[in-house]
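Have a look at my_file34.pdb below; it lists PDB, C-alpha atoms and all ligand atoms.
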ATOM      1  CA  MET Q   1     -15.577  77.313   9.662
ATOM      2  CA  PRO Q   2     -12.510  75.168   8.981
ATOM      3  CA  ARG Q   3     -12.388  74.138   5.365
ATOM      4  CA  LEU Q   4     -12.329  70.383   6.062
ATOM      5  CA  LEU Q   5     -15.415  70.606   8.257
ATOM      6  CA  SER Q   6     -17.389  72.504   5.670
ATOM      7  CA  VAL Q   7     -16.421  69.993   2.994
ATOM      8  CA  LEU Q   8     -17.528  67.156   5.277
ATOM      9  CA  LEU Q   9     -20.815  68.893   5.999
ATOM     10  CA  LEU Q  10     -21.369  69.454   2.314
ATOM     11  CA  LEU Q  11     -20.704  65.780   1.609
ATOM     12  CA  CYS Q  12     -23.165  64.687   4.303
ATOM     13  CA  PHE Q  13     -25.764  67.065   2.943
ATOM     14  CA  ALA Q  14     -25.205  65.846  -0.590
ATOM     15  CA  THR Q  15     -25.654  62.191   0.376
ATOM     16  CA  VAL Q  16     -28.888  63.012   2.203
ATOM     17  CA  VAL Q  17     -30.373  65.012  -0.652
ATOM     18  CA  ARG Q  18     -29.040  62.966  -3.544
ATOM     19  CA  ALA Q  19     -31.242  59.985  -4.209
ATOM     20  CA  GLU Q  20     -30.290  56.758  -5.905
ATOM     21  CA  PRO Q  21     -31.813  56.884  -9.412
ATOM     22  CA  LEU Q  22     -34.576  54.348  -9.983
ATOM     23  CA  PRO Q  23     -33.782  51.692 -12.563
ATOM     24  CA  MET Q  24     -35.714  52.557 -15.735
ATOM     25  CA  LYS Q  25     -36.336  50.899 -19.068
ATOM     26  CA  GLU Q  26     -36.718  52.884 -22.278
ATOM     27  CA  ILE Q  27     -39.617  50.851 -23.655
ATOM     28  CA  SER Q  28     -40.067  52.998 -26.758
ATOM     29  CA  ALA Q  29     -38.133  56.028 -28.001
ATOM     30  CA  GLY Q  30     -38.180  58.612 -25.207
ATOM     31  CA  VAL Q  31     -40.621  56.651 -23.027
ATOM     32  CA  PHE Q  32     -39.105  55.423 -19.747
ATOM     33  CA  VAL Q  33     -40.786  53.068 -17.277
ATOM     34  CA  HIS Q  34     -39.908  51.796 -13.837
ATOM     35  CA  GLN Q  35     -41.808  48.637 -12.991
ATOM     36  CA  GLY Q  36     -42.788  48.344  -9.341
ATOM     37  CA  ILE Q  37     -42.822  45.014  -7.557
ATOM     38  CA  HIS Q  38     -45.973  43.119  -6.631
ATOM     39  CA  GLU Q  39     -46.437  43.371  -2.888
ATOM     40  CA  GLU Q  40     -49.200  44.222  -0.477
ATOM     41  CA  LEU Q  41     -49.613  47.724   0.935
ATOM     42  CA  ASP Q  42     -49.626  46.577   4.552
ATOM     43  CA  ALA Q  43     -46.732  44.094   4.432
ATOM     44  CA  GLY Q  44     -43.234  45.393   3.759
ATOM     45  CA  TYR Q  45     -44.501  48.151   1.466
ATOM     46  CA  HIS Q  46     -41.902  50.757   0.497
ATOM     47  CA  GLY Q  47     -43.831  52.854  -1.971
ATOM     48  CA  ASP Q  48     -42.606  51.087  -5.088
ATOM     49  CA  ILE Q  49     -45.300  48.726  -6.350
ATOM     50  CA  CYS Q  50     -46.723  50.328  -9.497
ATOM     51  CA  ASN Q  51     -45.427  51.454 -12.868
ATOM     52  CA  ILE Q  52     -44.152  55.008 -12.947
ATOM     53  CA  GLY Q  53     -42.077  56.867 -15.482
ATOM     54  CA  PHE Q  54     -41.638  59.737 -17.865
ATOM     55  CA  VAL Q  55     -41.738  60.846 -21.496
ATOM     56  CA  VAL Q  56     -39.098  63.134 -23.003
ATOM     57  CA  GLY Q  57     -39.878  65.617 -25.787
ATOM     58  CA  ASN Q  58     -37.752  68.319 -27.457
ATOM     59  CA  LYS Q  59     -38.928  70.965 -24.993
ATOM     60  CA  GLY Q  60     -39.307  69.064 -21.767
ATOM     61  CA  VAL Q  61     -40.397  66.090 -19.737
ATOM     62  CA  ALA Q  62     -43.728  64.745 -18.470
ATOM     63  CA  VAL Q  63     -43.758  62.493 -15.428
ATOM     64  CA  ILE Q  64     -46.528  59.903 -15.378
ATOM     65  CA  ASP Q  65     -47.229  58.830 -11.807
ATOM     66  CA  SER Q  66     -44.679  59.710  -9.182
ATOM     67  CA  GLY Q  67     -44.541  56.666  -6.888
ATOM     68  CA  GLY Q  68     -45.657  56.052  -3.322
ATOM     69  CA  SER Q  69     -43.397  58.416  -1.391
ATOM     70  CA  LEU Q  70     -41.263  61.528  -1.647
ATOM     71  CA  LYS Q  71     -38.266  59.194  -1.585
ATOM     72  CA  ILE Q  72     -39.420  57.245  -4.643
ATOM     73  CA  GLY Q  73     -40.328  60.523  -6.372
ATOM     74  CA  ARG Q  74     -36.784  61.809  -5.764
ATOM     75  CA  GLN Q  75     -35.315  58.612  -7.143
ATOM     76  CA  LEU Q  76     -37.509  59.008 -10.213
ATOM     77  CA  ARG Q  77     -36.289  62.590 -10.595
ATOM     78  CA  GLU Q  78     -32.663  61.384 -10.419
ATOM     79  CA  ALA Q  79     -33.464  58.846 -13.133
ATOM     80  CA  ILE Q  80     -34.809  61.669 -15.318
ATOM     81  CA  ARG Q  81     -31.672  63.697 -14.742
ATOM     82  CA  LYS Q  82     -29.544  60.772 -15.914
ATOM     83  CA  VAL Q  83     -31.378  60.977 -19.252
ATOM     84  CA  THR Q  84     -31.947  64.694 -19.821
ATOM     85  CA  ASP Q  85     -31.481  68.172 -18.376
ATOM     86  CA  LEU Q  86     -34.667  69.443 -20.047
ATOM     87  CA  PRO Q  87     -37.225  70.989 -17.699
ATOM     88  CA  ILE Q  88     -39.829  68.788 -16.028
ATOM     89  CA  LEU Q  89     -42.946  70.515 -17.358
ATOM     90  CA  PHE Q  90     -45.737  68.194 -16.246
ATOM     91  CA  VAL Q  91     -46.462  65.719 -13.468
ATOM     92  CA  ILE Q  92     -49.493  63.614 -14.406
ATOM     93  CA  ASN Q  93     -51.334  61.410 -11.910
ATOM     94  CA  THR Q  94     -53.393  58.601 -13.436
ATOM     95  CA  HIS Q  95     -55.550  58.308 -10.285
ATOM     96  CA  VAL Q  96     -55.687  58.878  -6.537
ATOM     97  CA  HIS Q  97     -54.159  55.683  -5.143
ATOM     98  CA  PRO Q  98     -51.240  56.321  -2.804
ATOM     99  CA  ASP Q  99     -48.698  54.212  -4.694
ATOM    100  CA  HIS Q 100     -49.146  56.567  -7.695
ATOM    101  CA  ILE Q 101     -49.229  60.052  -6.145
ATOM    102  CA  PHE Q 102     -47.022  60.467  -3.104
ATOM    103  CA  GLY Q 103     -43.851  61.194  -5.082
ATOM    104  CA  ASN Q 104     -45.395  64.428  -6.421
ATOM    105  CA  ALA Q 105     -43.564  66.620  -3.911
ATOM    106  CA  ALA Q 106     -40.183  65.602  -5.355
ATOM    107  CA  PHE Q 107     -40.919  67.810  -8.375
ATOM    108  CA  ARG Q 108     -42.123  70.898  -6.538
ATOM    109  CA  GLU Q 109     -38.990  72.943  -7.316
ATOM    110  CA  ASP Q 110     -39.413  72.197 -11.001
ATOM    111  CA  HIS Q 111     -42.724  74.103 -10.876
ATOM    112  CA  PRO Q 112     -44.452  71.662 -13.211
ATOM    113  CA  VAL Q 113     -48.105  71.733 -14.149
ATOM    114  CA  TYR Q 114     -49.648  68.967 -12.034
ATOM    115  CA  ILE Q 115     -52.337  67.243 -14.090
ATOM    116  CA  GLY Q 116     -55.176  64.938 -13.100
ATOM    117  CA  HIS Q 117     -58.771  63.987 -13.788
ATOM    118  CA  ALA Q 118     -61.285  66.716 -12.955
ATOM    119  CA  ARG Q 119     -62.410  64.708  -9.921
ATOM    120  CA  LEU Q 120     -58.882  63.919  -8.678
ATOM    121  CA  ALA Q 121     -58.422  66.937  -6.394
ATOM    122  CA  ASP Q 122     -61.629  66.118  -4.554
ATOM    123  CA  ALA Q 123     -60.681  62.440  -4.244
ATOM    124  CA  MET Q 124     -57.277  63.445  -2.824
ATOM    125  CA  GLU Q 125     -58.886  65.743  -0.277
ATOM    126  CA  ARG Q 126     -61.378  63.141   0.910
ATOM    127  CA  ARG Q 127     -58.623  60.578   1.401
ATOM    128  CA  ARG Q 128     -55.918  62.855   2.696
ATOM    129  CA  GLU Q 129     -56.194  61.914   6.370
ATOM    130  CA  THR Q 130     -56.523  58.174   5.861
ATOM    131  CA  TYR Q 131     -53.714  58.061   3.326
ATOM    132  CA  MET Q 132     -51.333  60.082   5.473
ATOM    133  CA  ARG Q 133     -52.079  57.949   8.525
ATOM    134  CA  ASN Q 134     -51.910  54.563   6.772
ATOM    135  CA  ASN Q 135     -48.825  55.275   4.697
ATOM    136  CA  THR Q 136     -46.984  56.621   7.731
ATOM    137  CA  ALA Q 137     -47.885  53.430   9.594
ATOM    138  CA  TRP Q 138     -46.840  51.193   6.682
ATOM    139  CA  MET Q 139     -43.595  52.932   5.713
ATOM    140  CA  GLY Q 140     -42.439  54.903   8.746
ATOM    141  CA  GLU Q 141     -39.281  56.890   7.952
ATOM    142  CA  ALA Q 142     -39.449  55.904   4.285
ATOM    143  CA  PHE Q 143     -42.614  58.022   3.991
ATOM    144  CA  ALA Q 144     -41.044  61.146   5.545
ATOM    145  CA  GLY Q 145     -41.824  64.382   3.732
ATOM    146  CA  SER Q 146     -44.449  62.801   1.492
ATOM    147  CA  GLU Q 147     -47.529  64.899   0.946
ATOM    148  CA  ILE Q 148     -50.552  65.293  -1.230
ATOM    149  CA  ILE Q 149     -50.098  67.694  -4.122
ATOM    150  CA  LYS Q 150     -53.267  68.264  -6.093
ATOM    151  CA  PRO Q 151     -53.528  68.876  -9.825
ATOM    152  CA  THR Q 152     -53.204  72.464 -10.983
ATOM    153  CA  LEU Q 153     -54.741  71.445 -14.312
ATOM    154  CA  ALA Q 154     -57.917  69.370 -14.235
ATOM    155  CA  VAL Q 155     -58.951  67.305 -17.250
ATOM    156  CA  GLU Q 156     -62.725  67.211 -17.749
ATOM    157  CA  LYS Q 157     -62.870  65.011 -20.829
ATOM    158  CA  SER Q 158     -59.629  65.150 -22.779
ATOM    159  CA  HIS Q 159     -56.553  67.309 -23.057
ATOM    160  CA  GLU Q 160     -53.382  67.438 -25.120
ATOM    161  CA  ILE Q 161     -49.975  68.489 -23.887
ATOM    162  CA  ASP Q 162     -47.054  69.364 -26.102
ATOM    163  CA  LEU Q 163     -43.608  68.188 -25.038
ATOM    164  CA  GLY Q 164     -42.003  69.472 -28.249
ATOM    165  CA  GLY Q 165     -42.151  67.109 -31.206
ATOM    166  CA  ARG Q 166     -44.586  64.869 -29.380
ATOM    167  CA  ILE Q 167     -48.099  65.254 -28.068
ATOM    168  CA  LEU Q 168     -49.520  63.378 -25.116
ATOM    169  CA  SER Q 169     -53.287  62.836 -25.329
ATOM    170  CA  LEU Q 170     -54.964  62.568 -21.945
ATOM    171  CA  VAL Q 171     -58.443  61.119 -21.483
ATOM    172  CA  ALA Q 172     -60.518  61.463 -18.297
ATOM    173  CA  TRP Q 173     -62.714  58.366 -17.942
ATOM    174  CA  PRO Q 174     -66.049  57.929 -16.200
ATOM    175  CA  PRO Q 175     -65.792  56.094 -12.831
ATOM    176  CA  ALA Q 176     -64.056  52.724 -13.288
ATOM    177  CA  HIS Q 177     -61.006  51.605 -11.258
ATOM    178  CA  THR Q 178     -61.542  54.790  -9.206
ATOM    179  CA  SER Q 179     -63.741  57.859  -9.540
ATOM    180  CA  ALA Q 180     -60.957  59.734 -11.367
ATOM    181  CA  ASP Q 181     -59.002  57.617 -13.873
ATOM    182  CA  LEU Q 182     -56.859  59.273 -16.515
ATOM    183  CA  SER Q 183     -55.096  57.578 -19.455
ATOM    184  CA  VAL Q 184     -52.150  58.982 -21.385
ATOM    185  CA  LEU Q 185     -51.311  58.204 -25.013
ATOM    186  CA  ASP Q 186     -47.984  59.204 -26.524
ATOM    187  CA  ASP Q 187     -48.795  59.885 -30.184
ATOM    188  CA  LYS Q 188     -45.214  59.575 -31.385
ATOM    189  CA  THR Q 189     -44.726  55.954 -30.344
ATOM    190  CA  ALA Q 190     -48.392  54.932 -29.867
ATOM    191  CA  THR Q 191     -47.580  54.011 -26.284
ATOM    192  CA  LEU Q 192     -50.498  53.998 -23.852
ATOM    193  CA  TRP Q 193     -50.263  54.552 -20.097
ATOM    194  CA  THR Q 194     -53.444  52.965 -18.778
ATOM    195  CA  GLY Q 195     -52.965  53.700 -15.093
ATOM    196  CA  ASP Q 196     -54.813  51.055 -13.080
ATOM    197  CA  LEU Q 197     -57.529  50.696 -15.703
ATOM    198  CA  LEU Q 198     -55.364  47.760 -16.738
ATOM    199  CA  PHE Q 199     -53.747  45.321 -14.330
ATOM    200  CA  ILE Q 200     -51.372  42.643 -15.546
ATOM    201  CA  GLU Q 201     -50.265  39.877 -13.127
ATOM    202  CA  ARG Q 202     -51.372  41.768 -10.003
ATOM    203  CA  THR Q 203     -55.017  41.033  -9.178
ATOM    204  CA  PRO Q 204     -57.163  44.027 -10.236
ATOM    205  CA  SER Q 205     -58.393  45.933  -7.194
ATOM    206  CA  MET Q 206     -61.742  47.659  -7.199
ATOM    207  CA  ASP Q 207     -62.519  51.053  -5.801
ATOM    208  CA  GLY Q 208     -64.604  53.128  -8.228
ATOM    209  CA  ASP Q 209     -67.401  51.536 -10.240
ATOM    210  CA  THR Q 210     -66.622  48.021 -11.397
ATOM    211  CA  LEU Q 211     -69.800  47.574 -13.457
ATOM    212  CA  ASN Q 212     -68.905  50.699 -15.368
ATOM    213  CA  TRP Q 213     -65.251  49.612 -15.661
ATOM    214  CA  LEU Q 214     -66.460  46.420 -17.310
ATOM    215  CA  LYS Q 215     -68.531  48.467 -19.757
ATOM    216  CA  LEU Q 216     -65.526  50.656 -20.623
ATOM    217  CA  ILE Q 217     -63.151  47.828 -21.496
ATOM    218  CA  PRO Q 218     -64.347  47.505 -25.130
ATOM    219  CA  GLN Q 219     -63.813  51.261 -25.513
ATOM    220  CA  LEU Q 220     -60.374  51.125 -23.902
ATOM    221  CA  LYS Q 221     -59.390  48.329 -26.280
ATOM    222  CA  LYS Q 222     -60.085  50.608 -29.249
ATOM    223  CA  ILE Q 223     -57.392  53.120 -28.276
ATOM    224  CA  PRO Q 224     -54.913  53.236 -31.191
ATOM    225  CA  ALA Q 225     -51.912  52.028 -29.197
ATOM    226  CA  LYS Q 226     -49.187  49.581 -30.109
ATOM    227  CA  LEU Q 227     -47.758  49.188 -26.653
ATOM    228  CA  ALA Q 228     -49.325  49.611 -23.226
ATOM    229  CA  ILE Q 229     -47.929  50.326 -19.789
ATOM    230  CA  PRO Q 230     -50.397  48.901 -17.284
ATOM    231  CA  GLY Q 231     -50.710  50.364 -13.783
ATOM    232  CA  HIS Q 232     -49.095  47.184 -12.491
ATOM    233  CA  GLY Q 233     -47.232  44.436 -14.320
ATOM    234  CA  PRO Q 234     -45.098  44.229 -17.437
ATOM    235  CA  VAL Q 235     -45.285  46.497 -20.476
ATOM    236  CA  THR Q 236     -46.803  44.631 -23.395
ATOM    237  CA  ASP Q 237     -47.949  44.826 -27.002
ATOM    238  CA  GLN Q 238     -50.531  42.152 -26.146
ATOM    239  CA  TRP Q 239     -52.465  44.644 -24.065
ATOM    240  CA  GLN Q 240     -55.864  43.995 -25.636
ATOM    241  CA  ALA Q 241     -55.611  40.354 -24.571
ATOM    242  CA  ALA Q 242     -54.670  41.604 -21.102
ATOM    243  CA  PHE Q 243     -57.890  43.641 -21.012
ATOM    244  CA  ASP Q 244     -59.767  40.467 -22.012
ATOM    245  CA  ARG Q 245     -58.206  38.634 -19.095
ATOM    246  CA  GLU Q 246     -59.167  41.431 -16.714
ATOM    247  CA  GLN Q 247     -62.696  41.439 -18.136
ATOM    248  CA  ARG Q 248     -63.008  37.691 -17.624
ATOM    249  CA  TYR Q 249     -62.048  37.997 -13.957
ATOM    250  CA  PHE Q 250     -64.672  40.708 -13.431
ATOM    251  CA  GLU Q 251     -67.376  38.701 -15.198
ATOM    252  CA  VAL Q 252     -66.651  35.489 -13.298
ATOM    253  CA  LEU Q 253     -66.484  37.305  -9.959
ATOM    254  CA  LEU Q 254     -69.728  39.202 -10.570
ATOM    255  CA  ALA Q 255     -71.549  36.057 -11.715
ATOM    256  CA  ASP Q 256     -70.308  34.094  -8.682
ATOM    257  CA  ILE Q 257     -71.365  36.791  -6.225
ATOM    258  CA  ARG Q 258     -74.802  37.107  -7.833
ATOM    259  CA  LYS Q 259     -75.229  33.320  -7.600
ATOM    260  CA  ASN Q 260     -74.284  33.416  -3.909
ATOM    261  CA  ILE Q 261     -76.713  36.231  -3.204
ATOM    262  CA  LYS Q 262     -79.497  34.404  -5.041
ATOM    263  CA  SER Q 263     -78.921  31.265  -2.996
ATOM    264  CA  GLY Q 264     -78.810  33.228   0.249
ATOM    265  CA  ILE Q 265     -75.119  32.489   0.894
ATOM    266  CA  PRO Q 266     -73.760  35.240   3.178
ATOM    267  CA  MET Q 267     -70.804  37.412   2.182
ATOM    268  CA  GLU Q 268     -68.413  35.803   4.687
ATOM    269  CA  LYS Q 269     -68.934  32.452   2.964
ATOM    270  CA  ALA Q 270     -68.950  33.883  -0.554
ATOM    271  CA  MET Q 271     -65.491  35.312   0.158
ATOM    272  CA  ASP Q 272     -63.941  31.854   0.165
ATOM    273  CA  SER Q 273     -65.283  30.820  -3.207
ATOM    274  CA  ALA Q 274     -66.400  33.676  -5.464
ATOM    275  CA  GLY Q 275     -64.012  34.321  -8.346
ATOM    276  CA  VAL Q 276     -61.600  31.639  -7.157
ATOM    277  CA  SER Q 277     -61.717  29.761 -10.480
ATOM    278  CA  GLU Q 278     -59.884  32.807 -11.929
ATOM    279  CA  LYS Q 279     -57.088  32.671  -9.355
ATOM    280  CA  ASN Q 280     -54.536  31.138 -11.705
ATOM    281  CA  GLY Q 281     -52.086  33.638 -13.131
ATOM    282  CA  TRP Q 282     -52.936  36.487 -10.765
ATOM    283  CA  VAL Q 283     -50.585  37.619  -7.991
ATOM    284  CA  LEU Q 284     -51.821  38.485  -4.445
ATOM    285  CA  PHE Q 285     -55.148  36.964  -5.470
ATOM    286  CA  ASP Q 286     -56.588  35.828  -2.131
ATOM    287  CA  ALA Q 287     -56.309  39.140  -0.294
ATOM    288  CA  VAL Q 288     -57.326  41.389  -3.191
ATOM    289  CA  ASN Q 289     -60.178  39.123  -4.311
ATOM    290  CA  ARG Q 290     -61.602  39.136  -0.781
ATOM    291  CA  ARG Q 291     -61.465  42.933  -0.690
ATOM    292  CA  ASN Q 292     -63.211  43.061  -4.058
ATOM    293  CA  ILE Q 293     -65.987  40.778  -2.799
ATOM    294  CA  ASN Q 294     -66.304  42.957   0.276
ATOM    295  CA  ILE Q 295     -67.028  45.894  -2.035
ATOM    296  CA  LEU Q 296     -69.170  44.146  -4.633
ATOM    297  CA  TYR Q 297     -71.381  41.884  -2.530
ATOM    298  CA  PRO Q 298     -73.216  44.664  -0.659
ATOM    299  CA  LEU Q 299     -73.722  46.576  -3.935
ATOM    300  CA  LEU Q 300     -75.069  43.590  -5.862
ATOM    301  CA  GLU Q 301     -77.425  42.714  -3.015
ATOM    302  CA  TRP Q 302     -79.491  45.731  -4.033
ATOM    303  CA  GLU Q 303     -79.771  44.859  -7.726
TER
HETATM  304 ZN    ZN R 401     -54.913  51.959  -8.231
END

Could I get this file's structure written as structure tokens?
Ligand SMILES: [Zn+2]
Amino acid sequence: MPRLLSVLLLLCFATVVRAEPLPMKEISAGVFVHQGIHEELDAGYHGDICNIGFVVGNKGVAVIDSGGSLKIGRQLREAIRKVTDLPILFVINTHVHPDHIFGNAAFREDHPVYIGHARLADAMERRRETYMRNNTAWMGEAFAGSEIIKPTLAVEKSHEIDLGGRILSLVAWPPAHTSADLSVLDDKTATLWTGDLLFIERTPSMDGDTLNWLKLIPQLKKIPAKLAIPGHGPVTDQWQAAFDREQRYFEVLLADIRKNIKSGIPMEKAMDSAGVSEKNGWVLFDAVNRRNINILYPLLEWE
């Protein structure tokens, strides 16, 4: 092959494979976060709506949530490579939702240990078809090559991983935001990755067991963390107050739905009013709140 042609081919190949590194913030020493933007899944979604990132130790790197597509995962990997050449030892998924897991494949060649809650693999399998179909429809080409990669290490209750000079403590929670929520605490900086157990700004969405989630909040607030990275929204040291805010939304919504049920108001009507007094300060409230009512109303009817 002529030399010029092969150079051109190589250049083309390089631009295809090389991804633009995601913008990251080092929020505490060695802890890097990319904050996704608040948008709906079915309107202009490009796989970048939640908080994803990584922690760097002396021996290697742990990724915490990989983004909503292979493309985002690759951009996250490029961002890691801008910071360190250390091996990527772990890819941790905080839960099953597609915005958090579909970048997993970007790390396949690193042969990391993929880590999740003991129930995560099953949750991934049950949702595989729907997730593949919906995300392909929402993102089209931007979802190309994305796939489900299940955990190779399942956390039953708790687990510690050693990155060299820093330990990450993982806790598998009972059903709350989903059936398989995992939190990650970096002991060195007391930085807590809550996954979607904590929402800030974006209206909390319900999928697992909201009544149980509500019960867990006091326990979550006792975690010895200085700083928290919520699943969505800004990193904050005021994270306990953020849990209070989340708790208040749940309590108001539950009380409103129960009142509606008691007075015989059907779900379709309850959807316009339940929880609405909490609307202020939450993003995407109307759509997410309606979906939450759609889940909660039928459950509470049987109380
Ligand atoms: Zn979620």

Write as number ranges by chain the residues around ligand ZN 401 (chain R), taking 7 Å as the cut-off and counting all atoms listed in the file.
Q: 95, 97, 177, 196

Residue members of the PyMOL selection byres (((chain Q and resi 39) around 9) and not hetatm) in the file shown, as a CSV table (one decimal) with C-alpha atoms, in the coordinates of the input:
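And here's out-v4.csv as it stands now:
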chain,number,residue,atom,x,y,z
Q,36,GLY,CA,-42.8,48.3,-9.3
Q,37,ILE,CA,-42.8,45.0,-7.6
Q,38,HIS,CA,-46.0,43.1,-6.6
Q,40,GLU,CA,-49.2,44.2,-0.5
Q,41,LEU,CA,-49.6,47.7,0.9
Q,42,ASP,CA,-49.6,46.6,4.6
Q,43,ALA,CA,-46.7,44.1,4.4
Q,44,GLY,CA,-43.2,45.4,3.8
Q,45,TYR,CA,-44.5,48.2,1.5
Q,48,ASP,CA,-42.6,51.1,-5.1
Q,49,ILE,CA,-45.3,48.7,-6.4
Q,202,ARG,CA,-51.4,41.8,-10.0
Q,283,VAL,CA,-50.6,37.6,-8.0
Q,284,LEU,CA,-51.8,38.5,-4.4

Between CA of Ala62 in chain Q and CA of Met124 in chain Q, measure the distance and give it in Å to one decimal.
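If I compute the distance from CA of Ala62 in chain Q to CA of Met124 in chain Q, I get 20.7 Å.
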
Selected residue, from Q:Ala255, Q:Ile217, Q:Leu70, Q:Ala106, that lies nearest to Val276 in chain Q when counting all atoms listed in the file
Q:Ala255

Option closest in space to Thr210 in chain Q, from Q:Ala105, Q:Ala154, Q:Leu254, Q:Ala19 [counting only C-alpha atoms]:
Q:Leu254

Would you mind reading off the distance between CA of Lys262 in chain Q and CA of Leu299 in chain Q, one decimal, in Å?
13.5 Å

Among Q:Gln219, Q:Ser66, Q:Asn212, Q:Ser205, Trp282 in chain Q is approached most closely, using only C-alpha atoms, by Q:Ser205

For the file shown, report as a PyMOL selection string the outcome of the PyMOL selection byres (((chain Q and resi 147-153) around 8) and not hetatm) at residue level.
chain Q and resi 70+101-105+113-116+120-121+124+128+132+145-146+154-155

Here's the selection I'm unsure about, the PyMOL selection byres (((chain Q and resi 248) around 12) and not hetatm); applied to the file above, which residues does it give, as a list of chain:residue names?
Q:Pro204, Q:Leu214, Q:Ile217, Q:Ala241, Q:Ala242, Q:Phe243, Q:Asp244, Q:Arg245, Q:Glu246, Q:Gln247, Q:Tyr249, Q:Phe250, Q:Glu251, Q:Val252, Q:Leu253, Q:Leu254, Q:Ala255, Q:Gly275, Q:Ser277, Q:Glu278, Q:Lys279

With C-alpha atoms retained, could you export that selection as a tab-separated table (two decimals), keeping the file's coordinate frame?
chain	number	residue	atom	x	y	z
Q	204	PRO	CA	-57.16	44.03	-10.24
Q	214	LEU	CA	-66.46	46.42	-17.31
Q	217	ILE	CA	-63.15	47.83	-21.50
Q	241	ALA	CA	-55.61	40.35	-24.57
Q	242	ALA	CA	-54.67	41.60	-21.10
Q	243	PHE	CA	-57.89	43.64	-21.01
Q	244	ASP	CA	-59.77	40.47	-22.01
Q	245	ARG	CA	-58.21	38.63	-19.10
Q	246	GLU	CA	-59.17	41.43	-16.71
Q	247	GLN	CA	-62.70	41.44	-18.14
Q	249	TYR	CA	-62.05	38.00	-13.96
Q	250	PHE	CA	-64.67	40.71	-13.43
Q	251	GLU	CA	-67.38	38.70	-15.20
Q	252	VAL	CA	-66.65	35.49	-13.30
Q	253	LEU	CA	-66.48	37.30	-9.96
Q	254	LEU	CA	-69.73	39.20	-10.57
Q	255	ALA	CA	-71.55	36.06	-11.72
Q	275	GLY	CA	-64.01	34.32	-8.35
Q	277	SER	CA	-61.72	29.76	-10.48
Q	278	GLU	CA	-59.88	32.81	-11.93
Q	279	LYS	CA	-57.09	32.67	-9.36

Residues of range 44-128 of chain Q that have any atom at most 9 Å from an atom of range 24-29 of chain Q: could you tabulate them with the shortest-distance atom pair and the distance in Å to one decimal, using only C-alpha atoms, ordered by chain and increasing number, as a Markdown table?
| residue | atom | partner | partner_atom | distance |
| --- | --- | --- | --- | --- |
| Q:Gly53 | CA | Q:Met24 | CA | 7.7 |
| Q:Val55 | CA | Q:Ala29 | CA | 8.9 |
| Q:Val56 | CA | Q:Ala29 | CA | 8.7 |
| Q:Leu76 | CA | Q:Met24 | CA | 8.7 |
| Q:Ala79 | CA | Q:Met24 | CA | 7.2 |

Please write the residues from the selection above to a file, keeping C-alpha atoms, as an mmCIF file, keeping the file's coordinate frame.
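Saved the output as selection-v5.cif:
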data_model
loop_
_atom_site.group_PDB
_atom_site.id
_atom_site.type_symbol
_atom_site.label_atom_id
_atom_site.label_comp_id
_atom_site.auth_asym_id
_atom_site.auth_seq_id
_atom_site.Cartn_x
_atom_site.Cartn_y
_atom_site.Cartn_z
ATOM 1 C CA GLY Q 53 -42.077 56.867 -15.482
ATOM 2 C CA VAL Q 55 -41.738 60.846 -21.496
ATOM 3 C CA VAL Q 56 -39.098 63.134 -23.003
ATOM 4 C CA LEU Q 76 -37.509 59.008 -10.213
ATOM 5 C CA ALA Q 79 -33.464 58.846 -13.133
#

Pick from Q:Leu170, Q:Ile52, Q:Ala225, Q:Val31, whichever lies nearest to His100 in chain Q using only C-alpha atoms
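Counting only C-alpha atoms, the residue closest to His100 in chain Q is Q:Ile52.
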
What's around Pro175 in chain Q at 9 Å? Count all atoms listed in the file, leave out sequence neighbours fewer than 3 positions away in its own chain, and write the answer as a list in words.
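In the requested form, the answer reads Thr178, Ser179, Ala180, Asp181, Gly208, Asp209, Thr210, Asn212 and Trp213 of chain Q.
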
Distance in Å - CA of His117 in chain Q versus CA of Trp173 in chain Q
8.0 Å

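Counting all atoms listed in the file, the residue from Q:Ser69, Q:Thr191, Q:Asn58, Q:Asn289 that sits nearest to Arg166 in chain Q is Q:Asn58.
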
Best match for closeness to Gly233 in chain Q among Q:Val33, Q:Ala118, Q:Asp85, Q:Tyr297, counting only C-alpha atoms:
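Closest candidate: Q:Val33.
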
Return as JSON the box centre and box size in Å, one decimal, for an axis-aligned box around all listed atoms of range 104-111 of chain Q padded by 5 Å per side.
{"center_x": -42.2, "center_y": 69.3, "center_z": -7.5, "size_x": 16.4, "size_y": 19.7, "size_z": 17.1}

I'd like the contact shell of Ala142 in chain Q - 7 Å cut-off, all atoms listed in the file, skipping same-chain residues fewer than 2 positions apart - returned as an mmCIF file with C-alpha atoms, in the frame of the given file.
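Wrote it out as result.cif, contents follow:
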data_model
loop_
_atom_site.group_PDB
_atom_site.id
_atom_site.type_symbol
_atom_site.label_atom_id
_atom_site.label_comp_id
_atom_site.auth_asym_id
_atom_site.auth_seq_id
_atom_site.Cartn_x
_atom_site.Cartn_y
_atom_site.Cartn_z
ATOM 1 C CA HIS Q 46 -41.902 50.757 0.497
ATOM 2 C CA LYS Q 71 -38.266 59.194 -1.585
ATOM 3 C CA MET Q 139 -43.595 52.932 5.713
ATOM 4 C CA GLY Q 140 -42.439 54.903 8.746
ATOM 5 C CA ALA Q 144 -41.044 61.146 5.545
#

Name all residues at most 9 Å from Leu216 in chain Q (count only C-alpha atoms; drop same-chain ones fewer than 4 positions away) and give them as an MDAnalysis selection string.
chainID Q and resid 173:174 176 211:212 220:221

Exercise: residues within 12 Å of coordinate (-73.6, 32.3, -4.3), counting all atoms listed in the file, as a list in words
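Those residues, ordered by chain and then number, are Val252, Leu253, Leu254, Ala255, Asp256, Ile257, Arg258, Lys259, Asn260, Ile261, Lys262, Ser263, Gly264, Ile265, Pro266, Met267, Glu268, Lys269, Ala270, Met271, Asp272, Ser273, Ala274, Gly275, Ile293, Tyr297, Leu300 and Glu301 of chain Q.
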